[in-house]
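Chemist: Next up is a structure, given as C-alpha cells.
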Amino acid sequence: MTSRIHYTKPSITELEVGYATDAARNGWGEHCYDYIHRFEALFREHLGVKYAIATSSCTGALHMGLSALGIGSGDEVILADTNWIASAAPITYLGATPVFVDVLSDSWCIAPERVEAAITPSTRAILAVHLYGNLCDMDRLLAIGEKYGIPVIEDAAEAIGSVYHSQRAGSIGKFGTFSFHGTKTLTTGEGGIFVSNDVELYEQVLTLSNHGRARSQVKQFWPDKIGYKYKMSNIQAAIGCGQMERIEDLIARKREIFYQYRELLADLPGLAMNPEPEGTTIGAWMPTVVFAPESDISREMLQAAFVAANIDARVFFYPLSGLPMFTPRQENRLAWDLPNRAINLPSYHDMSRADVNRVAAVIKALLHV
Ligand SMILES: *Cc1c(COP(=O)(O)O)cnc(C)c1O
C-alpha cells in the first residue's frame, strides 16, 4: 500500500519550536506580550499596512471588524454564496443578515455585478473573500462600494501571498482579516489577525479586543463598553514569529506545488484551475480543479478515486445558502453547481514531486488521458 497523502500539513521547524519554548519558559509577567507585538510588527511589514491586532481566530477578527463598523440588527452584508461558514457566522452574531450572491466562473470569487444588484438601503458592507487564494475583482468591488458609500472588507484568510496589482490581499479594503489555523499557509495552531490602514477603526477594534477597555482609560479594570475576548496567546505568537521569518519561503513553496500541478493538468480538456490574471500573483493556498459540466465527472467519482489512491482531497465549498440555517438561493447557479464537479488538491510544504505526480495521475485516469 502506498503512503497516505494528506491534503495539508504545517511546516514547523526548529525555529518555531525554539521561539515557542522561549515563550513558554520566559514569556510571562512583563514579557507576556513580547512575541505578540513582534508578530504584529512582522505581519504589518509583510502586508504593508499600518495597524494589526493578533487574535485567537479569523472568525473573531471578522466579528470585531464588523462590530467596529457599527453593523447590527437589520443590516445586510453581501458576500459570495461559495464560502466557508466562518465568513458568514460573524455577520449573524451581530444580528445582521448575510446576503449571498453568485460567483464568477473563472475565479469562483464574488461576482461584482451580482453585488451591485443585491444592494439595498440596508447594505452595510461588501465582504470580499479571496477564495482558495484566488483574488476577487477588487477594482470593480471598490468602485461599487464607492458609488453606494458602502465599505469593502476583505477576508484574506486563504490569501496570504496573493498580490493584486502590487497590493497584498487583505491590505486593500477598509479592513482585512487572516486565519492561522493549522490548515493555512502560515499557522499558529489556531489564530488570526485584524489589519487596517484606518486609525479610527483600529482604535475601535483595539478597545473591543480588550473587553471594551479603551487605551485612554486611566482607571484600572474599567471597561467603557462591552467588548470581546479574542486574543492570541504569546506562545501562539512565538510560533507565528518563526513562521513570519520563513513566510517568503512558505509562500514560494505553495506556488511551486501549484505550478507543478498546472504543468501536469492545466492543458487537459475540460479542466480549469485557479486563475492568475495579468498583474496579480496568487498565494496558491488550495490548488483546485473544476471540471466542465460536459466532462461528466462528479464529486462522488472524484472522492472515490482519491480514497482508492490513499489521497486526502477536499470537497469544494457547498453554497452557504443551501445550509439549513439560511434561505436557499438556487438562483446562484454557479455557486450551487461548482461543488458537484470540483475538488481541492493536496498542497503542503514538504510534499514531494512524486506525491504531486501521484495526485495528478488520479485525475488523468478519470479523464482517460
Ligand atoms: C479558515 C478560514 C476562516 C476561519 O478562520 P478561523 O481562524 O478558523 O476562524 C475564515 N474565512 C476563511 C475564508 C477561511 O478560509
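Following the order of the C-alpha cells, first chain is A, next is B, and so on, with residues numbered from 1 inside each chain and ligands from 1 in the order they appear.
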Can I get the residues of range 95-214 of chain A within 10 Å of range 263-274 of chain A, each with the closest pair of atoms and their distance in Å to one decimal, using only C-alpha atoms, sorted chain first then ascending number, as JSON lines?
Modeler:
{"residue": "A:Ser105", "atom": "CA", "partner": "A:Ala272", "partner_atom": "CA", "distance": 9.9}
{"residue": "A:Asp106", "atom": "CA", "partner": "A:Asn274", "partner_atom": "CA", "distance": 7.6}
{"residue": "A:Ser107", "atom": "CA", "partner": "A:Asn274", "partner_atom": "CA", "distance": 6.5}
{"residue": "A:Trp108", "atom": "CA", "partner": "A:Asn274", "partner_atom": "CA", "distance": 8.6}
{"residue": "A:Leu131", "atom": "CA", "partner": "A:Asn274", "partner_atom": "CA", "distance": 9.6}
{"residue": "A:Tyr132", "atom": "CA", "partner": "A:Asn274", "partner_atom": "CA", "distance": 8.2}
{"residue": "A:Gly133", "atom": "CA", "partner": "A:Asn274", "partner_atom": "CA", "distance": 8.5}
{"residue": "A:Asn134", "atom": "CA", "partner": "A:Asn274", "partner_atom": "CA", "distance": 6.5}
{"residue": "A:Leu135", "atom": "CA", "partner": "A:Asn274", "partner_atom": "CA", "distance": 9.6}
Chemist: Put those residues in a file: N, CA, C and O atoms, as a compact mmCIF listing (two decimals), in the first residue's frame.
Modeler:
# COMPACT_ATOMS: atom_id res chain seq x y z
N SER A 105 -17.20 32.73 -12.93
CA SER A 105 -16.90 31.38 -13.40
C SER A 105 -15.41 31.07 -13.40
O SER A 105 -15.02 29.91 -13.31
N ASP A 106 -14.55 32.10 -13.46
CA ASP A 106 -13.12 31.80 -13.53
C ASP A 106 -12.44 31.78 -12.16
O ASP A 106 -11.70 30.86 -11.83
N SER A 107 -12.73 32.77 -11.32
CA SER A 107 -12.04 32.85 -10.02
C SER A 107 -12.82 32.18 -8.89
O SER A 107 -12.28 31.97 -7.81
N TRP A 108 -14.10 31.90 -9.12
CA TRP A 108 -15.01 31.33 -8.11
C TRP A 108 -15.17 32.29 -6.94
O TRP A 108 -15.61 31.90 -5.86
N LEU A 131 -11.11 33.48 -2.34
CA LEU A 131 -11.31 32.03 -2.21
C LEU A 131 -10.11 31.22 -2.70
O LEU A 131 -9.67 31.37 -3.83
N TYR A 132 -9.63 30.36 -1.82
CA TYR A 132 -8.51 29.45 -2.12
C TYR A 132 -7.23 30.22 -2.50
O TYR A 132 -6.32 29.65 -3.10
N GLY A 133 -7.21 31.53 -2.19
CA GLY A 133 -6.06 32.35 -2.56
C GLY A 133 -6.24 33.05 -3.89
O GLY A 133 -5.43 33.90 -4.28
N ASN A 134 -7.33 32.73 -4.60
CA ASN A 134 -7.67 33.44 -5.84
C ASN A 134 -8.09 34.86 -5.46
O ASN A 134 -8.61 35.08 -4.37
N LEU A 135 -7.89 35.80 -6.37
CA LEU A 135 -8.20 37.19 -6.00
C LEU A 135 -9.56 37.65 -6.49
O LEU A 135 -9.95 37.40 -7.64
Chemist: Tell me which protein, DNA and RNA residues are within 6 Å of Arg255 in chain A, counting only C-alpha atoms, leaving out same-chain ones fewer than 3 positions away, and put them as a PyMOL selection string.
Modeler: chain A and resi 252+258+284
Chemist: Check range 177-349 of chain A with DSSP on the backbone and list each residue it calls strand (DSSP E), as an MDAnalysis selection string.
Modeler: chainID A and resid 177:179 192:196 271:273 280:281 288:291 314:315 342:344
Chemist: Kindly provide the residues of chain A that approach ligand 1 to within 9 Å, each paired with its closest atom pair and their distance in Å to one decimal, based on only C-alpha atoms and all ligand atoms, listed by chain and increasing number, as JSON lines.
Modeler:
{"residue": "A:Thr55", "atom": "CA", "partner": "ligand 1", "partner_atom_place_in_ligand_line": "7 (O)", "distance": 8.6}
{"residue": "A:Ser56", "atom": "CA", "partner": "ligand 1", "partner_atom_place_in_ligand_line": "7 (O)", "distance": 7.1}
{"residue": "A:Ser57", "atom": "CA", "partner": "ligand 1", "partner_atom_place_in_ligand_line": "7 (O)", "distance": 3.6}
{"residue": "A:Cys58", "atom": "CA", "partner": "ligand 1", "partner_atom_place_in_ligand_line": "9 (O)", "distance": 3.8}
{"residue": "A:Thr59", "atom": "CA", "partner": "ligand 1", "partner_atom_place_in_ligand_line": "9 (O)", "distance": 3.7}
{"residue": "A:Gly60", "atom": "CA", "partner": "ligand 1", "partner_atom_place_in_ligand_line": "9 (O)", "distance": 6.4}
{"residue": "A:Ala61", "atom": "CA", "partner": "ligand 1", "partner_atom_place_in_ligand_line": "9 (O)", "distance": 7.9}
{"residue": "A:Leu62", "atom": "CA", "partner": "ligand 1", "partner_atom_place_in_ligand_line": "10 (C)", "distance": 8.2}
{"residue": "A:Asn83", "atom": "CA", "partner": "ligand 1", "partner_atom_place_in_ligand_line": "13 (C)", "distance": 6.8}
{"residue": "A:Trp84", "atom": "CA", "partner": "ligand 1", "partner_atom_place_in_ligand_line": "12 (C)", "distance": 6.0}
{"residue": "A:Ile85", "atom": "CA", "partner": "ligand 1", "partner_atom_place_in_ligand_line": "10 (C)", "distance": 7.5}
{"residue": "A:Ala86", "atom": "CA", "partner": "ligand 1", "partner_atom_place_in_ligand_line": "10 (C)", "distance": 4.5}
{"residue": "A:Ser87", "atom": "CA", "partner": "ligand 1", "partner_atom_place_in_ligand_line": "11 (N)", "distance": 4.8}
{"residue": "A:Ala88", "atom": "CA", "partner": "ligand 1", "partner_atom_place_in_ligand_line": "11 (N)", "distance": 8.5}
{"residue": "A:Val129", "atom": "CA", "partner": "ligand 1", "partner_atom_place_in_ligand_line": "13 (C)", "distance": 5.8}
{"residue": "A:His130", "atom": "CA", "partner": "ligand 1", "partner_atom_place_in_ligand_line": "13 (C)", "distance": 6.9}
{"residue": "A:Leu131", "atom": "CA", "partner": "ligand 1", "partner_atom_place_in_ligand_line": "13 (C)", "distance": 6.4}
{"residue": "A:Tyr132", "atom": "CA", "partner": "ligand 1", "partner_atom_place_in_ligand_line": "15 (O)", "distance": 7.3}
{"residue": "A:Gly133", "atom": "CA", "partner": "ligand 1", "partner_atom_place_in_ligand_line": "13 (C)", "distance": 9.0}
{"residue": "A:Asp155", "atom": "CA", "partner": "ligand 1", "partner_atom_place_in_ligand_line": "13 (C)", "distance": 5.7}
{"residue": "A:Ala156", "atom": "CA", "partner": "ligand 1", "partner_atom_place_in_ligand_line": "13 (C)", "distance": 6.3}
{"residue": "A:Ala157", "atom": "CA", "partner": "ligand 1", "partner_atom_place_in_ligand_line": "12 (C)", "distance": 4.6}
{"residue": "A:Glu158", "atom": "CA", "partner": "ligand 1", "partner_atom_place_in_ligand_line": "15 (O)", "distance": 4.8}
{"residue": "A:Ala159", "atom": "CA", "partner": "ligand 1", "partner_atom_place_in_ligand_line": "13 (C)", "distance": 8.3}
{"residue": "A:Thr177", "atom": "CA", "partner": "ligand 1", "partner_atom_place_in_ligand_line": "11 (N)", "distance": 8.1}
{"residue": "A:Phe178", "atom": "CA", "partner": "ligand 1", "partner_atom_place_in_ligand_line": "5 (O)", "distance": 7.1}
{"residue": "A:Ser179", "atom": "CA", "partner": "ligand 1", "partner_atom_place_in_ligand_line": "7 (O)", "distance": 4.0}
{"residue": "A:Phe180", "atom": "CA", "partner": "ligand 1", "partner_atom_place_in_ligand_line": "7 (O)", "distance": 5.7}
{"residue": "A:His181", "atom": "CA", "partner": "ligand 1", "partner_atom_place_in_ligand_line": "7 (O)", "distance": 5.1}
{"residue": "A:Gly182", "atom": "CA", "partner": "ligand 1", "partner_atom_place_in_ligand_line": "8 (O)", "distance": 8.6}
{"residue": "A:Thr183", "atom": "CA", "partner": "ligand 1", "partner_atom_place_in_ligand_line": "1 (C)", "distance": 7.6}
{"residue": "A:Lys184", "atom": "CA", "partner": "ligand 1", "partner_atom_place_in_ligand_line": "1 (C)", "distance": 6.9}
{"residue": "A:Glu190", "atom": "CA", "partner": "ligand 1", "partner_atom_place_in_ligand_line": "7 (O)", "distance": 6.1}
{"residue": "A:Gly191", "atom": "CA", "partner": "ligand 1", "partner_atom_place_in_ligand_line": "7 (O)", "distance": 5.3}
{"residue": "A:Gly192", "atom": "CA", "partner": "ligand 1", "partner_atom_place_in_ligand_line": "7 (O)", "distance": 5.2}
{"residue": "A:Ile193", "atom": "CA", "partner": "ligand 1", "partner_atom_place_in_ligand_line": "7 (O)", "distance": 8.6}
Chemist: May I have the selected residues written with C-alpha atoms, as a compact mmCIF listing (two decimals), in the first residue's frame?
Modeler:
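result.txt, freshly written:
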# COMPACT_ATOMS: atom_id res chain seq x y z
CA THR A 55 -6.50 37.42 17.51
CA SER A 56 -7.43 33.90 18.50
CA SER A 57 -9.10 33.32 15.12
CA CYS A 58 -10.08 34.91 11.83
CA THR A 59 -13.71 34.49 12.87
CA GLY A 60 -13.04 36.67 15.93
CA ALA A 61 -11.15 39.27 13.86
CA LEU A 62 -14.08 39.49 11.44
CA ASN A 83 -17.68 30.29 1.10
CA TRP A 84 -16.81 28.69 4.40
CA ILE A 85 -19.27 29.37 7.22
CA ALA A 86 -16.62 31.35 9.17
CA SER A 87 -17.05 34.29 6.76
CA ALA A 88 -20.82 34.44 7.34
CA VAL A 129 -13.30 36.64 0.31
CA HIS A 130 -10.26 35.64 -1.73
CA LEU A 131 -11.31 32.03 -2.21
CA TYR A 132 -8.51 29.45 -2.12
CA GLY A 133 -6.06 32.35 -2.56
CA ASP A 155 -11.49 38.06 4.39
CA ALA A 156 -7.99 37.14 3.25
CA ALA A 157 -7.75 34.01 5.44
CA GLU A 158 -6.83 31.93 2.39
CA ALA A 159 -4.82 34.58 0.59
CA THR A 177 -8.62 39.51 8.29
CA PHE A 178 -6.43 36.39 8.18
CA SER A 179 -6.51 32.95 9.77
CA PHE A 180 -3.57 30.99 11.14
CA HIS A 181 -5.49 27.76 11.64
CA GLY A 182 -3.41 24.61 11.21
CA THR A 183 -4.55 24.18 7.61
CA LYS A 184 -3.44 27.63 6.45
CA GLU A 190 -5.27 28.46 15.93
CA GLY A 191 -5.08 32.20 15.42
CA GLY A 192 -5.92 35.16 13.27
CA ILE A 193 -5.26 38.85 12.73
Chemist: Which residues are close to Leu323 in chain A, i.e. within 12 Å by only C-alpha atoms, leaving aside same-chain residues fewer than 3 positions away? Reply as an mmCIF file with N, CA and C atoms, in the first residue's frame.
Modeler:
data_model
loop_
_atom_site.group_PDB
_atom_site.id
_atom_site.type_symbol
_atom_site.label_atom_id
_atom_site.label_comp_id
_atom_site.auth_asym_id
_atom_site.auth_seq_id
_atom_site.Cartn_x
_atom_site.Cartn_y
_atom_site.Cartn_z
ATOM 1 N N ASP A 81 -21.902 33.272 -2.194
ATOM 2 C CA ASP A 81 -22.552 32.056 -1.698
ATOM 3 C C ASP A 81 -21.515 30.939 -1.524
ATOM 4 N N THR A 82 -20.492 30.936 -2.373
ATOM 5 C CA THR A 82 -19.405 29.955 -2.260
ATOM 6 C C THR A 82 -18.437 30.423 -1.190
ATOM 7 N N ASN A 83 -18.549 29.869 0.010
ATOM 8 C CA ASN A 83 -17.680 30.285 1.104
ATOM 9 C C ASN A 83 -17.728 29.299 2.239
ATOM 10 N N TRP A 84 -16.781 29.444 3.148
ATOM 11 C CA TRP A 84 -16.807 28.694 4.396
ATOM 12 C C TRP A 84 -17.664 29.471 5.386
ATOM 13 N N ILE A 85 -18.327 28.761 6.273
ATOM 14 C CA ILE A 85 -19.268 29.367 7.223
ATOM 15 C C ILE A 85 -18.626 30.472 8.066
ATOM 16 N N ALA A 88 -19.435 33.990 7.167
ATOM 17 C CA ALA A 88 -20.821 34.442 7.342
ATOM 18 C C ALA A 88 -21.252 34.481 8.801
ATOM 19 N N PHE A 100 -26.296 36.332 0.207
ATOM 20 C CA PHE A 100 -25.411 35.504 -0.607
ATOM 21 C C PHE A 100 -25.646 35.730 -2.096
ATOM 22 N N PHE A 317 -16.267 24.044 -1.532
ATOM 23 C CA PHE A 317 -17.287 24.547 -0.602
ATOM 24 C C PHE A 317 -18.705 24.438 -1.173
ATOM 25 N N TYR A 318 -19.607 23.918 -0.337
ATOM 26 C CA TYR A 318 -21.034 23.913 -0.685
ATOM 27 C C TYR A 318 -21.553 25.346 -0.593
ATOM 28 N N PRO A 319 -22.614 25.678 -1.328
ATOM 29 C CA PRO A 319 -23.155 27.036 -1.200
ATOM 30 C C PRO A 319 -23.717 27.244 0.213
ATOM 31 N N LEU A 320 -23.343 28.347 0.844
ATOM 32 C CA LEU A 320 -23.794 28.588 2.224
ATOM 33 C C LEU A 320 -25.309 28.710 2.298
ATOM 34 N N PHE A 326 -30.048 28.938 6.579
ATOM 35 C CA PHE A 326 -30.232 30.059 5.649
ATOM 36 C C PHE A 326 -31.338 29.742 4.635
ATOM 37 N N THR A 327 -31.721 30.772 3.872
ATOM 38 C CA THR A 327 -32.728 30.596 2.833
ATOM 39 C C THR A 327 -32.037 30.218 1.527
ATOM 40 N N PRO A 328 -32.445 29.108 0.906
ATOM 41 C CA PRO A 328 -31.767 28.685 -0.328
ATOM 42 C C PRO A 328 -31.841 29.752 -1.422
ATOM 43 N N ARG A 329 -30.725 29.952 -2.091
ATOM 44 C CA ARG A 329 -30.670 30.919 -3.196
ATOM 45 C C ARG A 329 -30.172 30.164 -4.427
ATOM 46 N N GLN A 330 -31.068 29.326 -4.954
ATOM 47 C CA GLN A 330 -30.639 28.496 -6.071
ATOM 48 C C GLN A 330 -30.416 29.289 -7.354
ATOM 49 N N TRP A 336 -24.056 26.902 -6.768
ATOM 50 C CA TRP A 336 -24.736 25.632 -6.497
ATOM 51 C C TRP A 336 -24.195 24.493 -7.360
#
Chemist: Identify, with DSSP run on backbone atoms, the residues in range 162-290 of chain A assigned to alpha helix (DSSP H), and express the list as JSON, numbers by chain.
Modeler: {"A": [199, 200, 201, 202, 203, 204, 205, 206, 207, 208, 234, 235, 236, 237, 238, 239, 240, 241, 242, 243, 244, 245, 247, 248, 249, 250, 251, 252, 253, 254, 255, 256, 257, 258, 259, 260, 261, 262, 263, 264, 265]}
Chemist: Hey, what's within 10 Å of range 24-41 of chain A if we count only C-alpha atoms and toss same-chain stuff fewer than 5 positions away? As JSON, numbers by chain, please?
Modeler: {"A": [18, 19, 46, 49, 50, 51, 52, 53, 54, 55, 193, 194, 195, 231, 232, 233, 234, 235, 236, 237, 238, 239, 240, 241, 242, 243, 244, 245]}
Chemist: Nearest to Glu16 in chain A among A:Asn340, A:Thr188, A:Gln204, A:Gln260, with distances taken over only C-alpha atoms: which residue is it?
Modeler: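 Closest candidate: A:Thr188.
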